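**Student:** Before I ask anything, here is the structure I am working with.
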Number of protein chains: 4
Amino acid sequence: MDKVRIKIAYIGGGSRYWARDLMADLALSPRLEGSIDLYDIDSAPAEKNVSISRHVFGRPEAVAHFTVRAVRRLPEALKGADFVVISTEPGPISMRYADLVIAEKYGILQPVGDSTGPGGIIRALRAIPEYIGFAQAIGEHCPKAWVINYTNPMTLCTAALHAGFPGIKAFGCCHEVFHTQHRLAALVAKWFRTPRPARMEIKLDIAGVNHFTWATAAFWRGHDLFPRLREEISRPKFFADATRTAKDHLAHERWFTSPGLVAFDLFRRFGALGAAGDRHLAEFVPWYLEGGVTGLMRWGVIPTPYSWRKKRRSLKDHPVEHYRSRPVQPSGEEGVAQIEALMGLGNLDTNVNVPNLGQLSQLPSGHVVETYAQFRRDSLVPMVAHPLPKSAATLVKRIADVQTLTLDAALNRDVHGAFSAMLADPLVHLQTDQAWTMFKAMLRHCRPCLPGWKLP
Amino acid sequence: MDKVRIKIAYIGGGSRYWARDLMADLALSPRLEGSIDLYDIDSAPAEKNVSISRHVFGRPEAVAHFTVRAVRRLPEALKGADFVVISTEPGPISMRYADLVIAEKYGILQPVGDSTGPGGIIRALRAIPEYIGFAQAIGEHCPKAWVINYTNPMTLCTAALHAGFPGIKAFGCCHEVFHTQHRLAALVAKWFRTPRPARMEIKLDIAGVNHFTWATAAFWRGHDLFPRLREEISRPKFFADATRTAKDHLAHERWFTSPGLVAFDLFRRFGALGAAGDRHLAEFVPWYLEGGVTGLMRWGVIPTPYSWRKKRRSLKDHPVEHYRSRPVQPSGEEGVAQIEALMGLGNLDTNVNVPNLGQLSQLPSGHVVETYAQFRRDSLVPMVAHPLPKSAATLVKRIADVQTLTLDAALNRDVHGAFSAMLADPLVHLQTDQAWTMFKAMLRHCRPCLPGWKLP
Amino acid sequence: MDKVRIKIAYIGGGSRYWARDLMADLALSPRLEGSIDLYDIDSAPAEKNVSISRHVFGRPEAVAHFTVRAVRRLPEALKGADFVVISTEPGPISMRYADLVIAEKYGILQPVGDSTGPGGIIRALRAIPEYIGFAQAIGEHCPKAWVINYTNPMTLCTAALHAGFPGIKAFGCCHEVFHTQHRLAALVAKWFRTPRPARMEIKLDIAGVNHFTWATAAFWRGHDLFPRLREEISRPKFFADATRTAKDHLAHERWFTSPGLVAFDLFRRFGALGAAGDRHLAEFVPWYLEGGVTGLMRWGVIPTPYSWRKKRRSLKDHPVEHYRSRPVQPSGEEGVAQIEALMGLGNLDTNVNVPNLGQLSQLPSGHVVETYAQFRRDSLVPMVAHPLPKSAATLVKRIADVQTLTLDAALNRDVHGAFSAMLADPLVHLQTDQAWTMFKAMLRHCRPCLPGWKLP
Amino acid sequence: MDKVRIKIAYIGGGSRYWARDLMADLALSPRLEGSIDLYDIDSAPAEKNVSISRHVFGRPEAVAHFTVRAVRRLPEALKGADFVVISTEPGPISMRYADLVIAEKYGILQPVGDSTGPGGIIRALRAIPEYIGFAQAIGEHCPKAWVINYTNPMTLCTAALHAGFPGIKAFGCCHEVFHTQHRLAALVAKWFRTPRPARMEIKLDIAGVNHFTWATAAFWRGHDLFPRLREEISRPKFFADATRTAKDHLAHERWFTSPGLVAFDLFRRFGALGAAGDRHLAEFVPWYLEGGVTGLMRWGVIPTPYSWRKKRRSLKDHPVEHYRSRPVQPSGEEGVAQIEALMGLGNLDTNVNVPNLGQLSQLPSGHVVETYAQFRRDSLVPMVAHPLPKSAATLVKRIADVQTLTLDAALNRDVHGAFSAMLADPLVHLQTDQAWTMFKAMLRHCRPCLPGWKLP
């Protein structure tokens with residue numbers, strides 16, 4: 001079969017994780033070929049990724065070839081692009097001090113702090129103007145390109161792309177739902193005494209906003225998994241204190257692992273299963289973070305500390321040479337599968353974040369929501385989600401409202417608007433003057449990344 | 001592979017067309033087997049279909065076996081059914097005199113008169129209570145069965161099923177969109193000098209209500225067909241008077257054939273392509289029927305006369321014996337493919353009529369709309385339709401409103417409500433007292449099929 | 001009590017009818033004083049009105065004094081204005097040939113042709129850009145002024161004001177509802193054998209769009225008038241042929257008079273009373289104009305002919321001197337009462353046309369609707385209207401949709417958009433190519449008033 | 001002028017406060033006369049109120065006469081009633097232990113605990129079935145009566161009346177908005193160096209749900225008060241710690257008094273003024289109650305303790321004789337003014353709680369909201385509220401959602417639904433298992449008032 005030729009522009013092309021995964025998956029795609037322009041405000045890591053690319057696409061198991069280069073100017077990268085992939089960090093890593101440490105000083109614990117809560121809000125204020133700028137550049141240089149966003153806060157970065165260029169074909173991708181499928185696959189193996197099924201065999205109905213996504217139904221080969229799950233969580237001790245597990249993770253710096261008790265507790269209380277990692281889910285409601293780290297560890301979850309995030313940044317990266325001998329393997333991400341589908345190489349049904357056109361009628365029209373959608377040739381068609389239980393919908397709607405307030409505030413550089421968003425966030429139950437003090441400290445810390453703001 | 005065993009209840013089981021097609025398609029399904037209960041208020045034709053079934057499933061090319069029997073009582077047919085298929089005629093054929101002939105006496109020409117217009121409305125008043133009854137029986141005897149409706153008025157019969165038993169898993173199917181795909185396939189062959197592609201290769205976006213469905217986009221292997229279509233219809237003489245063609249069809253009693261000029265004229269005027277036969281499309285707007293049969297023939301369309309409909313009813317049917325030697329062939333309908341998908345034998349994306357959950361946000365929530373949907377194991381997921389051009393949406397919304405008024409009137413046996421629906425129909429521009437006289441005549445003609453009404 | 005001082009800018013200040021009525025009512029207001037700037041593209045009639053004003057405000061019965069002058073430039077008139085009053089004619093009177101005569105050539109009779117139907121649409125296309133311009137000038141020169149519009153098409157001129165300057169405090173006023181009150185007052189006198197009550201004693205609930213307004217309830221001193229009205233119209237012969245009455249009106253050139261049979265027929269068919277003159281009401285639905293002038297006269301209504309409209313324009317106006325001796329009398333209009341209320345001199349509840357903020361939830365948010373509202377000091381608060389009967393709402397919604405299509409087309413100078421609006425109008429049931437020929441003829445006739453359009 | 005004769009049924013007719021106030025106001029109404037039937041499950045206090053009524057209506061300043069009697073059966077009271085007034089306590093006072101004390105044991109402080117928060121929710125679960133019952137009785141015995149509710153939770157009791165009998169003419173009344181007017185009147189006196197104006201001179205725009213109502217604008221004789229208020233609260237020390245004031249109120253058992261700092265803080269943070277007492281406002285958001293009683297007293301607010309509520313119940317009431325010599329004075333409530341308006345004795349514009357028909361389009365259709373409305377003869381017309389600032393709307397929407405969940409749970413006696421409502425309440429940021437323990441304790445305490453529930 002003929003190869004399909006594409007050009008990809010990668011914004012944040014110095015990325016260690018996402019960019020290299022994408023190159024690996026492209027190398028394994030039998031139907032694609034073309035070029036990748038890596039754009040990064042910091043050119044050295046982009047150049048390094050170029051060097052790595054030579055090894056990746058030169059490996060014997062690579063079946064596709066892509067020409068990779070680093071470019072200094074965004075327009076150059078965008079020109080002629082069929083796809084734009086974005087993964088960036090909104091500001092230097094020291095900005096995360098505001099998101100995580102300042103908030104915690106005021107008693108607000110956030111295991112991740114990049115999607116919601118005070119951390120997610122201040123991070124969004126930094127990111128949104130950048131994403132508006134990306135969108136405008138895309139509108140100018142490659143208006144017909146498909147744009148894949150991997151950056152958090154996913155909902156608001158994707159919303160900013162649409163606000164910056166209303167005709168944009170942008171969507172946001174996240175693998176958290178995959179984890180839910182994996183977790184259910186393990187249970188299926190147990191329940192049906194069968195080898196663990198592949199992730200894609202677990203069929204979910206999905207609805208929500210990114211990282212606060214819910215599965216409203218789950219099937220495996222036609223078996224309804226929810227009654228079994230209900231039985232499973234009714235077992236005595238199912239919800240027993242998991243502090244010991246958490247401590248073990250802490251000891252081994254396994255920041256991203258947890259037994260899923262928060263997701264299951266949401267299922268117990270609200271009738272739909274939380275479909276993201278517990279560290280994310282726990283941030284969208286006030287209950288699990290009450291009692292600080294101790295309270296959270298009861299659910300087997302540990303927060304990812306700012307210190308580690310900073311340390312990781314300064315950790316030595318693999319040398320380029322490392323990739324020469326390292327076999328290229330599928331990343332588990334779906335970006336390349338989506339690209340193939342959009343190029344007409346077969347439909348793909350998967351979860352995605354796009355503005356609401358009716359797929360989740362419990363949320364406002366136009367709000368970026370996460371549901372299933374079908375990727376087809378040059379087209380992305382959302383599927384109508386099964387409605388959330390009313391009570392779960394209530395929780396998601398309040399988050400969507402806070403997101404809207406945050407977006408408006410970022411667009412208008414409106415300090416008081418942003419503060420009202422923060423007060424409205426479910427994690428904020430400080431006295432208002434304390435909250436204001438906290439917010440001012442955050443703003444001041446982030447001053448370099450808030451150009452044009454009149455800070456208090 | 002294992003066969004999947006199902007029971008089908010067929011309401012209107014004496015049907016010559018739909019029931020026999022269904023049996024043929026089932027006979028050719030390699031994965032299904034089971035039984036069919038044919039229920040009909042008139043038992044002789046159902047018994048005849050049982051006899052025919054023996055031949056059909058006994059043919060050498062049949063790969064599936066189904067046991068078919070005629071049952072006298074609806075509950076018996078429904079008990080244990082996995083699927084209920086419905087195709088009925090609302091009242092004896094003489095009722096169609098009201099739908100077609102009385103309306104025409106008052107100057108309202110209707111080429112079909114079964115979906116909209118005065119004919120569609122009065123037909124709906126006869127049908128809705130029956131479908132409410134079917135739904136209640138399904139709710140009692142097989143509440144988890146999937147229900148496929150083939151009867152017109154499609155929108156309102158399907159709506160009545162949902163009104164009668166709100167938990168019903170009912171949808172309506174229609175092949176008119178297929179015709180649009182066929183027509184475009186022929187143009188693709190011409191434009192690209194290629195053999196005529198298969199229907200399914202023509203990818204449409206679809207939105208509307210049944211028989212007033214619109215294609216908002218059309219692709220073939222990634223080629224956008226709308227710019228080419230725009231060029232095609234700009235050719236001089238494209239819209240030339242097609243009376244001669246119409247007369248030819250008339251002479252040969254080819255009632256259902258037309259060159260598609262109405263669909264293309266809608267495309268020219270409203271930017272979306274009518275995606276149903278012209279004889280249907282022409283009834284939803286007042287323009288093409290102005291000037292009576294002569295006016296309509298200008299577009300190459302001829303009305304199907306009441307006389308022929310009556311005659312056909314009394315035509316001799318094939319003898320049972322005929323089916324012994326007749327090869328079983330695929331019908332072109334999708335019912336069995338849908339059944340297979342709902343049984344978990346592979347997903348199917350196709351057009352379908354179901355209550356609006358968000359798939360067409362320009363129409364009211366809950367209204368039965370026609371869009372694409374995905375059939376999966378025990379699940380039917382609507383896909384969000386590309387919005388109609390605002391002007392086309394305006395035309396569809398007024399039809400939806402008339403349908404709602406009609407449904408309400410039928411549920412309440414409300415003469416004045418029904419008359420207000422009729423006045424609001426775009427085909428009715430009589431003086432109101434004349435319209436009232438016409439409506440009274442229709443009601444009186446249909447008295448036997450309007451039990452419980454207080455007729456004027 | 002202290003006098004309240006205001007400045008009024010009058011756009012269309014040469015108006016014979018509205019401007020002089022306004023001056024009369026102002027002269028009779030005990031609480032107001034100030035100045036009026038008359039602006040008109042044609043300065044002579046404005047100058048004449050200035051001369052007349054001297055007589056009006058000099059009359060002994062005048063209790064208020066206003067300084068009136070004609071100004072040549074709109075900004076000068078607007079500067080410092082507290083109120084802007086607008087009554088203009090969109091284009092020279094010869095434009096009405098398109099609205100009325102061309103349409104009639106194609107079989108579309110319109111008794112007025114200024115609000116809806118082909119005439120209303122083409123007229124709107126001429127007016128909307130002007131009103132956008134007025135709004136922008138108001139936004140620049142007197143953004144806090146209250147703006148009263150008297151020009152038809154009322155809905156779309158008022159909508160254009162809001163589209164041109166979104167912060168505008170503009171509303172549209174119409175006296176047609178008053179006529180309904182007068183008509184009911186006469187019936188009250190008969191039913192209750194009482195002297196005819198004052199108009200304001202007839203309490204209505206009102207909902208709709210201007211000239212297609214409906215009364216959903218009517219009370220007089222707590223008596224529900226609808227049951228009585230239902231009885232009244234059930235009298236034999238109530239709806240008898242009124243051609244003789246119509247002929248009599250025709251003979252005496254009483255263009256604006258009719259017995260109200262259309263309003264009552266709407267009441268009979270839809271359960272809410274048409275609350276505008278029959279000549280207006282009859283244009284929003286296709287039924288009454290079927291059968292041309294003869295058909296219309298059956299309801300006692302005659303169309304106002306283009307010939308008379310033209311003639312009236314050239315009739316000799318009263319000389320200035322005439323006003324010296326003519327007593328100043330209340331006009332029956334409410335503009336000055338509204339001005340008083342907005343200046344804080346007492347609340348006023350009356351019907352008004354403003355964008356929908358929830359007062360009529362059956363119509364789209366933002367659409368200019370007619371309901372009751374309360375005029376208070378510097379504030380206009382719509383009152384939530386009783387919902388229309390569903391069937392009546394259906395009729396109004398389709399008109400609102402056509403208005404939206406027309407507004408969009410005018411804003412974009414979009415010929416095809418405008419044509420789709422025209423096809424969607426209930427009066428247009430021509431073959432589409434005939435309709436297109438008619439529309440082109442209209443556009444060409446109006447070319448001088450359609451600057452910037454690419455006409456076909 | 002003629003007197004207008006009415007019959008009032010009073011449910012909760014033993015009420016010390018509301019019933020006696022109503023009698024006083026009726027005694028002072030020059031236009032009304034008639035009878036009052038006092039119905040109470042406890043007949044002694046109702047009989048006492050009958051005795052008191054003789055004194056009240058016998059006082060020299062009484063201008064109206066009403067015959068008052070106590071009736072034992074609700075149908076008897078309702079029969080023939082023109083008005084039904086309801087003020088009841090949902091369950092014996094000991095039930096308030098669950099609302100207030102149990103919640104506080106789990107760290108949730110509630111100054112009132114009757115409208116929202118855990119206390120408001122559990123109280124609603126007790127009250128809703130009763131109010132459903134009242135509504136059904138009204139539907140049966142006096143379906144055309146106007147129904148005035150004074151009981152909290154106002155929103156949900158009023159909603160239950162509408163749920164129980166959809167045609168009911170019920171509204172809820174609350175005087176909290178009056179307090180905001182009084183507070184602003186005092187400021188007007190200061191700002192304008194004028195005698196303190198009457199409450200009604202302070203014109204507000206109002207929007208929200210009861211006790212979480214907001215003023216979006218405030219005027220006095222045309223002066224916009226919000227800019228002045230903004231200046232006022234910017235004064236240094238305006239928001240200084242008010243603990244000393246609170247302590248003083250505590251010492252004197254002035255439970256209902258506070259300096260309004262919470263209302264003003266909402267104004268500062270959200271741009272609209274809280275329009276209820278601070279003790280109510282503080283319960284709808286999590287910020288002010290953080291830090292327990294100490295935290296709350298910082299705003300000058302003290303909670304009303306359960307002990308006092310219980311004590312008050314057992315306090316000796318005035319003897320009947322007391323009313324013989326006590327002058328009858330206007331209560332400051334508006335019930336009688338509303339009754340007069342509904343009887344056609346002049347329109348009244350005031351705030352009221354009724355289902356949303358469009359008056360507050362930011363909240364769901366049908367939800368009971370508080371806005372201004374016009375009382376007319378036999379009609380209550382909501383006025384369209386100025387929209388809330390988006391951020392304030394977010395806070396109100398989440399409350400409305402919790403109310404809807406609570407109503408649904410009460411209608412279905414659904415423990416888990418009720419618990420999900422409680423978790424969704426902004427005051428609940430306990431760990432979910434702690435919240436569950438608290439909720440179970442509440443349910444068990446209220447068992448006698450939760451007939452038909454399956455308690456955990």
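Order determines the names: the first chain of the structure tokens is A, the second B, and so forth; residues in each chain are numbered 1 upward, and ligands are numbered 1 upward as they are shown.
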Residues near Ala421 (chain C), anyone? I mean within 6 Å using only C-alpha atoms, not counting same-chain ones fewer than 6 positions away, as a list in words.
**Tutor:**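 The contact residues come out as Val402, Leu405 and Thr406 of chain C.
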**Student:** Please dump the current selection as a CSV table (one decimal), in the first residue's frame; keep N, CA and C atoms.
**Tutor:**
```csv
chain,number,residue,atom,x,y,z
C,402,VAL,N,-37.2,33.3,10.4
C,402,VAL,CA,-37.1,34.1,9.1
C,402,VAL,C,-36.4,35.4,9.4
C,405,LEU,N,-32.7,34.9,9.9
C,405,LEU,CA,-32.0,34.7,8.6
C,405,LEU,C,-31.9,36.1,7.9
C,406,THR,N,-32.9,36.9,7.9
C,406,THR,CA,-32.9,38.2,7.3
C,406,THR,C,-31.8,39.1,7.9
```
**Student:** Please check the contacts: residues of chain A at most 7 Å away from chain D, using only C-alpha atoms, listed as a list in words.
**Tutor:**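 So the residues of chain A near chain D are Arg269, Phe270, Pro286, Trp287, Tyr288, Glu290, Ser391, Thr394, Leu395, Arg398, Asp401, Leu405, Ser420, Ala421, Ala424, His429, Leu430, Gln431 and Thr432 of chain A.
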**Student:** To one decimal place in Å, what is the distance between CA of His445 (chain C) and CA of Tyr97 (chain C)?
**Tutor:**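 Pair CA of His445 (chain C) / CA of Tyr97 (chain C) returns 8.2 Å.
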**Student:** From region 116-343 of chain C, collect each residue whose DSSP state is alpha helix (DSSP H) and return the set as a PyMOL selection string.
**Tutor:** chain C and resi 117-141+154-164+176-192+225-234+243-251+261-270+278-281+292-297+306-314+322-325+335-342
**Student:** Which residues are close to Leu388 (chain B), i.e. within 8 Å by only C-alpha atoms, leaving aside same-chain residues fewer than 4 positions away? Reply as a PDB file with C-alpha atoms, in the first residue's frame.
**Tutor:**
```pdb
ATOM      1  CA  ALA B 207     -29.049  15.640   9.911  1.00  0.00           C
ATOM      2  CA  TRP B 214     -30.047  16.555   4.689  1.00  0.00           C
ATOM      3  CA  THR B 216     -24.256  18.480   5.182  1.00  0.00           C
ATOM      4  CA  ALA B 272     -27.114  21.162   2.139  1.00  0.00           C
ATOM      5  CA  GLN B 362     -30.722  22.587  16.559  1.00  0.00           C
ATOM      6  CA  ALA B 392     -32.198  24.547   6.331  1.00  0.00           C
ATOM      7  CA  ALA B 393     -32.530  24.202  10.098  1.00  0.00           C
TER       8      ALA B 393
END
```
**Student:** Report the distance between CA of Ala159 (chain D) and CA of Asn412 (chain D) in Å, rounded to one decimal place.
**Tutor:**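 Distance reported for this atom pair: 14.9 Å.
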**Student:** So how far away is CA of Tyr39 (chain B) from CA of Pro305 (chain B), in Å?
**Tutor:** 29.2 Å
